[in-house]
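Coordinates from structure.txt are shown below (compact mmCIF, C-alpha atoms).
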# COMPACT_ATOMS: atom_id res chain seq x y z
CA MET Q 1 0.00 0.00 0.00
CA LEU Q 2 1.34 3.42 -1.06
CA CYS Q 3 0.89 6.68 0.85
CA LYS Q 4 -0.82 9.33 -1.30
CA LEU Q 5 0.91 12.21 0.47
CA CYS Q 6 4.55 11.29 0.90
CA GLY Q 7 5.00 8.18 -1.26
CA THR Q 8 5.99 5.85 1.58
CA THR Q 9 5.48 2.20 0.58
CA ASP Q 10 4.49 -0.95 2.49
CA LEU Q 11 2.24 0.85 4.95
CA PRO Q 12 1.34 -1.17 8.06
CA LEU Q 13 -2.26 -2.20 8.69
CA PHE Q 14 -3.97 0.26 11.06
CA TYR Q 15 -7.54 -1.07 11.43
CA THR Q 16 -10.25 -2.96 9.58
CA GLN Q 17 -13.98 -2.60 8.95
CA GLY Q 18 -16.69 -5.05 7.94
CA ASP Q 19 -17.95 -8.16 9.69
CA ARG Q 20 -15.28 -10.20 7.91
CA ARG Q 21 -12.63 -7.50 8.41
CA GLN Q 22 -12.48 -7.29 4.65
CA PHE Q 23 -12.08 -3.49 4.46
CA ARG Q 24 -8.50 -2.62 5.35
CA PHE Q 25 -7.02 0.75 6.34
CA TYR Q 26 -3.28 1.42 6.52
CA ARG Q 27 -1.36 4.22 8.25
CA CYS Q 28 1.73 5.99 6.99
CA PRO Q 29 4.43 6.11 9.69
CA ARG Q 30 5.92 9.25 8.14
CA CYS Q 31 3.06 11.70 7.44
CA ARG Q 32 0.34 9.83 9.46
CA LEU Q 33 -2.23 9.65 6.66
CA VAL Q 34 -4.64 6.70 6.87
CA VAL Q 35 -5.28 5.10 3.47
CA TYR Q 36 -8.10 2.72 2.55
CA ASP Q 37 -7.44 -0.17 0.17
CA THR Q 38 -10.14 0.61 -2.40
CA GLN Q 39 -9.83 -2.79 -4.11
CA THR Q 40 -12.68 -3.99 -1.88
CA GLY Q 41 -15.01 -1.23 -3.10
CA VAL Q 42 -16.15 2.32 -2.36
CA ASN Q 43 -19.70 3.59 -1.96
CA GLN Q 44 -20.14 7.36 -2.49
CA GLU Q 45 -23.81 7.33 -3.50
CA LYS Q 46 -24.99 6.67 0.06
CA TYR Q 47 -24.40 10.39 0.73
CA ILE Q 48 -27.12 11.59 -1.67
CA PHE Q 49 -29.92 13.48 0.12
CA SER Q 50 -33.56 13.92 -0.89
CA GLY Q 51 -34.67 17.21 0.70
CA VAL Q 52 -33.60 20.83 1.26
CA ASP Q 53 -34.86 23.11 4.04
CA PRO Q 54 -32.19 25.46 5.46
CA GLU Q 55 -34.55 26.85 8.10
CA ALA Q 56 -35.57 23.49 9.57
CA PRO Q 57 -34.35 22.90 13.18
CA THR Q 58 -32.27 19.88 12.22
CA ARG Q 59 -28.93 18.65 13.48
CA GLN Q 60 -27.50 19.00 9.98
CA ASN Q 61 -28.56 22.64 9.75
CA ARG Q 62 -27.05 23.38 13.16
CA GLY Q 63 -23.79 22.03 11.76
CA HIS Q 64 -24.08 24.25 8.67
CA ARG Q 65 -24.60 27.28 10.90
CA GLN Q 66 -21.50 26.36 12.87
CA THR Q 67 -19.55 26.22 9.60
CA TYR Q 68 -20.73 29.66 8.57
CA ALA Q 69 -20.07 31.11 12.03
CA PHE Q 70 -16.53 29.68 11.93
CA LEU Q 71 -15.66 31.28 8.59
CA SER Q 72 -17.26 34.56 9.72
CA ARG Q 73 -14.69 34.78 12.51
CA TYR Q 74 -11.97 35.22 9.90
CA VAL Q 75 -13.52 36.83 6.82
CA ARG Q 76 -16.45 39.12 6.09
CA PRO Q 77 -18.48 40.06 3.01
CA PRO Q 78 -18.54 41.52 0.45
CA GLY Q 79 -16.64 38.98 -1.59
CA LYS Q 80 -16.95 35.84 -3.68
CA MET Q 81 -17.48 32.41 -2.13
CA LEU Q 82 -17.28 28.98 -3.78
CA ASP Q 83 -18.60 25.83 -2.07
CA LEU Q 84 -17.15 22.66 -3.60
CA GLY Q 85 -19.44 19.73 -2.86
CA CYS Q 86 -22.12 22.11 -1.59
CA GLY Q 87 -24.60 19.36 -0.68
CA ASP Q 88 -27.95 20.84 0.32
CA GLY Q 89 -26.68 24.40 -0.26
CA THR Q 90 -27.35 25.68 3.26
CA VAL Q 91 -23.90 27.26 3.78
CA LEU Q 92 -24.29 29.14 0.49
CA TRP Q 93 -27.84 30.14 1.44
CA LEU Q 94 -26.57 31.60 4.73
CA ALA Q 95 -23.66 33.36 3.02
CA ARG Q 96 -25.90 34.95 0.38
CA ARG Q 97 -28.19 36.31 3.10
CA HIS Q 98 -25.16 38.07 4.61
CA GLY Q 99 -23.97 39.66 1.38
CA TRP Q 100 -21.64 37.13 -0.22
CA GLU Q 101 -21.67 36.47 -3.96
CA VAL Q 102 -21.96 32.69 -3.98
CA LYS Q 103 -21.39 29.76 -6.31
CA GLY Q 104 -21.73 26.02 -5.68
CA VAL Q 105 -20.44 22.83 -7.26
CA GLU Q 106 -22.06 19.43 -6.61
CA LEU Q 107 -21.16 16.00 -7.92
CA PHE Q 108 -24.66 14.55 -8.14
CA ALA Q 109 -27.01 16.08 -10.72
CA GLU Q 110 -30.15 15.34 -8.70
CA GLN Q 111 -28.77 17.34 -5.78
CA THR Q 112 -27.82 20.23 -8.08
CA THR Q 113 -31.37 20.37 -9.43
CA LEU Q 114 -32.88 20.27 -5.95
CA VAL Q 115 -30.74 23.14 -4.66
CA ARG Q 116 -31.30 25.26 -7.75
CA GLU Q 117 -35.07 24.82 -7.66
CA GLN Q 118 -35.66 25.15 -3.93
CA LEU Q 119 -33.03 27.73 -2.94
CA ASP Q 120 -32.48 29.55 -6.26
CA LEU Q 121 -28.71 29.18 -5.89
CA ASP Q 122 -26.12 29.18 -8.67
CA VAL Q 123 -24.94 25.56 -8.55
CA GLU Q 124 -23.29 23.46 -11.25
CA THR Q 125 -22.84 19.71 -11.54
CA SER Q 126 -19.17 18.73 -11.77
CA ASP Q 127 -16.47 16.80 -10.01
CA ILE Q 128 -14.03 19.08 -8.26
CA MET Q 129 -10.93 18.20 -10.22
CA SER Q 130 -12.43 18.96 -13.63
CA TYR Q 131 -14.32 22.11 -12.60
CA PRO Q 132 -12.95 25.05 -14.64
CA VAL Q 133 -12.40 28.36 -12.85
CA ARG Q 134 -10.24 31.34 -13.69
CA PRO Q 135 -7.35 31.35 -11.16
CA MET Q 136 -7.48 33.71 -8.18
CA THR Q 137 -11.24 34.28 -8.44
CA TYR Q 138 -12.57 33.62 -4.93
CA ASP Q 139 -12.11 35.14 -1.48
CA VAL Q 140 -13.40 31.97 0.23
CA VAL Q 141 -13.56 28.33 -0.84
CA VAL Q 142 -15.54 25.87 1.29
CA LEU Q 143 -15.02 22.09 1.24
CA THR Q 144 -16.98 20.29 3.96
CA HIS Q 145 -16.74 16.53 4.34
CA VAL Q 146 -15.46 16.02 0.82
CA LEU Q 147 -11.67 15.71 1.11
CA GLU Q 148 -11.87 12.24 2.70
CA HIS Q 149 -13.71 11.01 -0.42
CA LEU Q 150 -11.23 12.27 -3.04
CA SER Q 151 -8.62 9.96 -4.53
CA GLU Q 152 -6.05 12.77 -4.93
CA PRO Q 153 -6.26 14.99 -1.82
CA VAL Q 154 -3.16 17.09 -2.52
CA ALA Q 155 -4.36 17.82 -6.07
CA ALA Q 156 -7.71 18.93 -4.59
CA LEU Q 157 -5.96 21.27 -2.15
CA ARG Q 158 -3.88 22.70 -4.98
CA LYS Q 159 -7.11 23.29 -6.87
CA ILE Q 160 -8.43 25.24 -3.88
CA ARG Q 161 -5.22 27.26 -3.79
CA ASP Q 162 -5.60 28.08 -7.49
CA PHE Q 163 -9.21 29.21 -7.00
CA LEU Q 164 -8.31 31.57 -4.12
CA LYS Q 165 -7.15 35.13 -4.44
CA PRO Q 166 -3.87 35.93 -2.67
CA THR Q 167 -4.55 35.82 1.12
CA GLY Q 168 -7.94 34.18 0.40
CA VAL Q 169 -9.09 31.45 2.79
CA GLY Q 170 -10.36 27.91 2.56
CA VAL Q 171 -12.65 26.36 5.16
CA LEU Q 172 -12.61 22.55 5.28
CA GLU Q 173 -14.22 19.91 7.46
CA PHE Q 174 -13.46 16.20 7.65
CA PRO Q 175 -13.26 13.37 10.22
CA ASN Q 176 -10.42 13.44 12.75
CA ILE Q 177 -8.93 9.95 12.80
CA ASP Q 178 -7.10 10.69 16.07
CA ALA Q 179 -10.26 11.67 17.98
CA LEU Q 180 -10.47 10.36 21.52
CA ASP Q 181 -13.55 8.20 20.84
CA ALA Q 182 -11.99 6.76 17.66
CA ARG Q 183 -8.83 5.81 19.55
CA PHE Q 184 -10.93 4.19 22.27
CA ARG Q 185 -12.98 2.13 19.79
CA ARG Q 186 -9.81 0.89 18.09
CA LEU Q 187 -8.35 -0.07 21.47
CA LEU Q 188 -11.46 -2.05 22.42
CA ASP Q 189 -11.34 -3.82 19.06
CA ARG Q 190 -7.66 -4.75 19.44
CA LEU Q 191 -8.33 -6.10 22.93
CA GLY Q 192 -11.31 -8.12 21.68
CA LEU Q 193 -13.69 -6.34 24.06
CA HIS Q 194 -16.01 -4.79 21.50
CA ARG Q 195 -16.52 -5.01 17.75
CA ARG Q 196 -18.87 -2.92 15.64
CA HIS Q 197 -21.49 -4.89 13.69
CA TYR Q 198 -21.92 -3.87 10.04
CA ARG Q 199 -24.86 -4.17 7.68
CA ALA Q 200 -24.40 -6.81 5.01
CA THR Q 201 -24.44 -4.08 2.35
CA TYR Q 202 -21.86 -1.86 4.08
CA VAL Q 203 -18.98 -0.52 1.95
CA PRO Q 204 -16.74 2.37 3.10
CA GLY Q 205 -17.15 5.80 1.53
CA HIS Q 206 -13.90 7.39 2.75
CA VAL Q 207 -10.71 6.65 0.83
CA GLN Q 208 -8.42 8.32 3.38
CA GLU Q 209 -8.59 9.77 6.87
CA PHE Q 210 -6.66 12.74 8.26
CA CYS Q 211 -5.25 13.82 11.58
CA ARG Q 212 -3.68 17.24 12.20
CA ALA Q 213 -0.20 16.07 11.22
CA SER Q 214 -1.24 14.50 7.92
CA PHE Q 215 -3.44 17.44 6.95
CA ALA Q 216 -0.65 19.92 7.73
CA PHE Q 217 1.68 17.81 5.56
CA ALA Q 218 -0.85 17.92 2.69
CA CYS Q 219 -1.27 21.69 3.03
CA GLU Q 220 2.48 22.22 2.82
CA GLN Q 221 2.63 20.17 -0.37
CA ALA Q 222 -0.27 22.15 -1.85
CA GLY Q 223 1.16 25.58 -1.05
CA LEU Q 224 -1.42 26.48 1.59
CA THR Q 225 -0.87 27.73 5.13
CA LEU Q 226 -2.79 25.95 7.89
CA GLU Q 227 -3.87 28.79 10.20
CA ARG Q 228 -6.51 27.17 12.39
CA TRP Q 229 -7.30 23.59 13.36
CA GLU Q 230 -10.10 22.81 15.77
CA THR Q 231 -12.40 19.87 16.37
CA TYR Q 232 -16.13 20.14 16.81
CA ALA Q 233 -19.47 18.54 17.55
CA VAL Q 234 -22.96 19.80 16.80
CA ASN Q 235 -23.94 19.51 20.48
CA PRO Q 236 -23.23 22.97 21.99
CA ALA Q 237 -21.55 21.73 25.18
CA GLN Q 238 -19.33 19.29 23.29
CA TYR Q 239 -18.58 21.96 20.70
CA PHE Q 240 -17.27 24.31 23.39
CA LEU Q 241 -15.08 21.56 24.81
CA PHE Q 242 -13.76 20.27 21.48
CA ARG Q 243 -12.93 23.76 20.21
CA HIS Q 244 -10.53 24.20 23.12
CA ILE Q 245 -9.36 20.61 23.52
CA PRO Q 246 -8.96 19.09 20.02
CA ILE Q 247 -10.20 15.56 20.78
CA GLY Q 248 -13.47 15.61 18.80
CA ASN Q 249 -14.14 13.22 15.93
CA LYS Q 250 -14.60 15.96 13.32
CA ALA Q 251 -12.10 18.65 12.35
CA ARG Q 252 -12.83 22.16 11.08
CA VAL Q 253 -9.86 24.07 9.64
CA LEU Q 254 -8.91 27.38 8.07
CA VAL Q 255 -6.22 27.47 5.39
CA ARG Q 256 -4.90 30.50 3.54
CA ARG Q 257 -3.28 31.13 0.20
CA PRO Q 258 -0.05 33.10 0.81
CA ALA Q 259 0.15 36.65 -0.50
CA ALA Q 260 2.93 35.76 -2.93
Written as structure tokens, that's how I'd like the structure from this file.
Amino acid sequence: MLCKLCGTTDLPLFYTQGDRRQFRFYRCPRCRLVVYDTQTGVNQEKYIFSGVDPEAPTRQNRGHRQTYAFLSRYVRPPGKMLDLGCGDGTVLWLARRHGWEVKGVELFAEQTTLVREQLDLDVETSDIMSYPVRPMTYDVVVLTHVLEHLSEPVAALRKIRDFLKPTGVGVLEFPNIDALDARFRRLLDRLGLHRRHYRATYVPGHVQEFCRASFAFACEQAGLTLERWETYAVNPAQYFLFRHIPIGNKARVLVRRPAA
């Protein structure tokens, strides 16, 4: 198994998934990236949604509002914002209400249509790597829970850098593989004390997992500066704790394109 970030070969097995332990994840001892062996399959379509309502009091919408509040701590409108993998469009909807000029990109055509029709947002169907944009166009690029699905993460980060104006910022979210609860579950599994049960149809959707060290390594390769790393939860009390003690199972980060 080859590391996608640093090229290290013969990565050691880190953990497995599936009731037959058939899905295997390996960890790079150099940059700390966790890589999934995709030969056993990947399922991305399980992330397709069927409804859009940015004002509904849902857990997902609370998370979107956290995302927008986070980026608002560092950058303010007016300006141009691009959301790559914009999902249900709620972050763009919030940004437009506050004066941002917004644009979205979504992989699945049915989601693009839904967001266009229900929220009247400018969204196009495309994969991130082939999406054409004039360089240095955007003040903010958002990528939430997408990076872990992309086969070439450094190329995706370079794409973000190209889209950003000098000193522009990227806001990304993804799972934190070194979260306290993830470490504890892996320990219980190794000791034979507890094992997750999987549906017969289960296939992983993430092709790699990041910790702070591996993400910082990827940013350096892509020419981005990692300015803020924090972990989060949608629950307000946990969010306060995880912002200050980075042990949560999801990471929220701010990266910046250097001025020159």
Exercise for review: Give me, please, the distance in Å between atom CA of Pro153 of chain Q and atom CA of Thr8 of chain Q, quoted to one decimal.
Suggested key: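 Going from atom CA of Pro153 of chain Q over to atom CA of Thr8 of chain Q covers 15.7 Å.
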Check: Which is closer to Asp122 of chain Q than all the others in Q:Ala216, Q:Leu254, Q:Val234, Q:Cys86, using only C-alpha atoms?
Finding: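 So, comparing all the options, the nearest one is Q:Cys86.
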Could you please determine the separation between atom CA of Arg20 of chain Q and atom CA of Asp189 of chain Q in Å, to one decimal place?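 Straight-line distance from atom CA of Arg20 of chain Q to atom CA of Asp189 of chain Q works out to 13.4 Å.
Comparing the minimum interatomic distances between Glu148 of chain Q and each of Q:Arg228, Q:Arg59, Q:His206, Q:Arg76, counting all atoms listed in the file, we find that Q:His206 sits nearest.
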Residue with the minimum atom-to-atom distance to Phe163 of chain Q, picked from Q:Arg185, Q:Val123, Q:Met81, Q:Val91 with only C-alpha atoms counted, is Q:Met81
Which one is closest to Phe215 of chain Q: Q:Asp127, Q:Asp19, Q:Asp88, Q:Glu227? Count all atoms listed in the file.
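Once distances to Phe215 of chain Q are computed over all atoms listed in the file, the minimum belongs to Q:Glu227.
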Of Q:Arg257, Q:Arg97, Q:Arg252, Q:Lys4, the one nearest to Phe70 of chain Q when counting all atoms listed in the file is Q:Arg252
### Task
Rounded to one decimal place, report the atom CA of Val115 of chain Q-atom CA of Phe49 of chain Q distance in Å.
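Straight-line distance from atom CA of Val115 of chain Q to atom CA of Phe49 of chain Q works out to 10.8 Å.
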Which residues are close to Pro166 of chain Q, i.e. within 10 Å by all atoms listed in the file, leaving aside same-chain residues fewer than 5 positions away? Reply as a ChimeraX atom specification. /Q:136-139,161,256-260
Selected residues written out with C-alpha atoms, as a PDB file, in the coordinates of the input:
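Everything below was put into selection.pdb:
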ATOM      1  CA  MET Q 136      -7.480  33.710  -8.180  1.00  0.00           C
ATOM      2  CA  THR Q 137     -11.240  34.280  -8.440  1.00  0.00           C
ATOM      3  CA  TYR Q 138     -12.570  33.620  -4.930  1.00  0.00           C
ATOM      4  CA  ASP Q 139     -12.110  35.140  -1.480  1.00  0.00           C
ATOM      5  CA  ARG Q 161      -5.220  27.260  -3.790  1.00  0.00           C
ATOM      6  CA  ARG Q 256      -4.900  30.500   3.540  1.00  0.00           C
ATOM      7  CA  ARG Q 257      -3.280  31.130   0.200  1.00  0.00           C
ATOM      8  CA  PRO Q 258      -0.050  33.100   0.810  1.00  0.00           C
ATOM      9  CA  ALA Q 259       0.150  36.650  -0.500  1.00  0.00           C
ATOM     10  CA  ALA Q 260       2.930  35.760  -2.930  1.00  0.00           C
TER      11      ALA Q 260
END
Of Q:Ala109, Q:Leu241, Q:Leu172, Q:Leu13, the one nearest to Phe25 of chain Q when counting all atoms listed in the file is Q:Leu13
Problem set entry | Within 9 Å of file point (-21.3, 0.4, -1.7), counting all atoms listed in the file, expressed as a VMD selection string | chain Q and resid 41 to 46 201 to 205
At a cut-off of 9 Å around the point (-3.3, -0.6, 6.1) (file coordinates), what residues fall inside when counting only C-alpha atoms? I'd like the answer as a ChimeraX atom specification. /Q:1,10-16,24-28,34-37
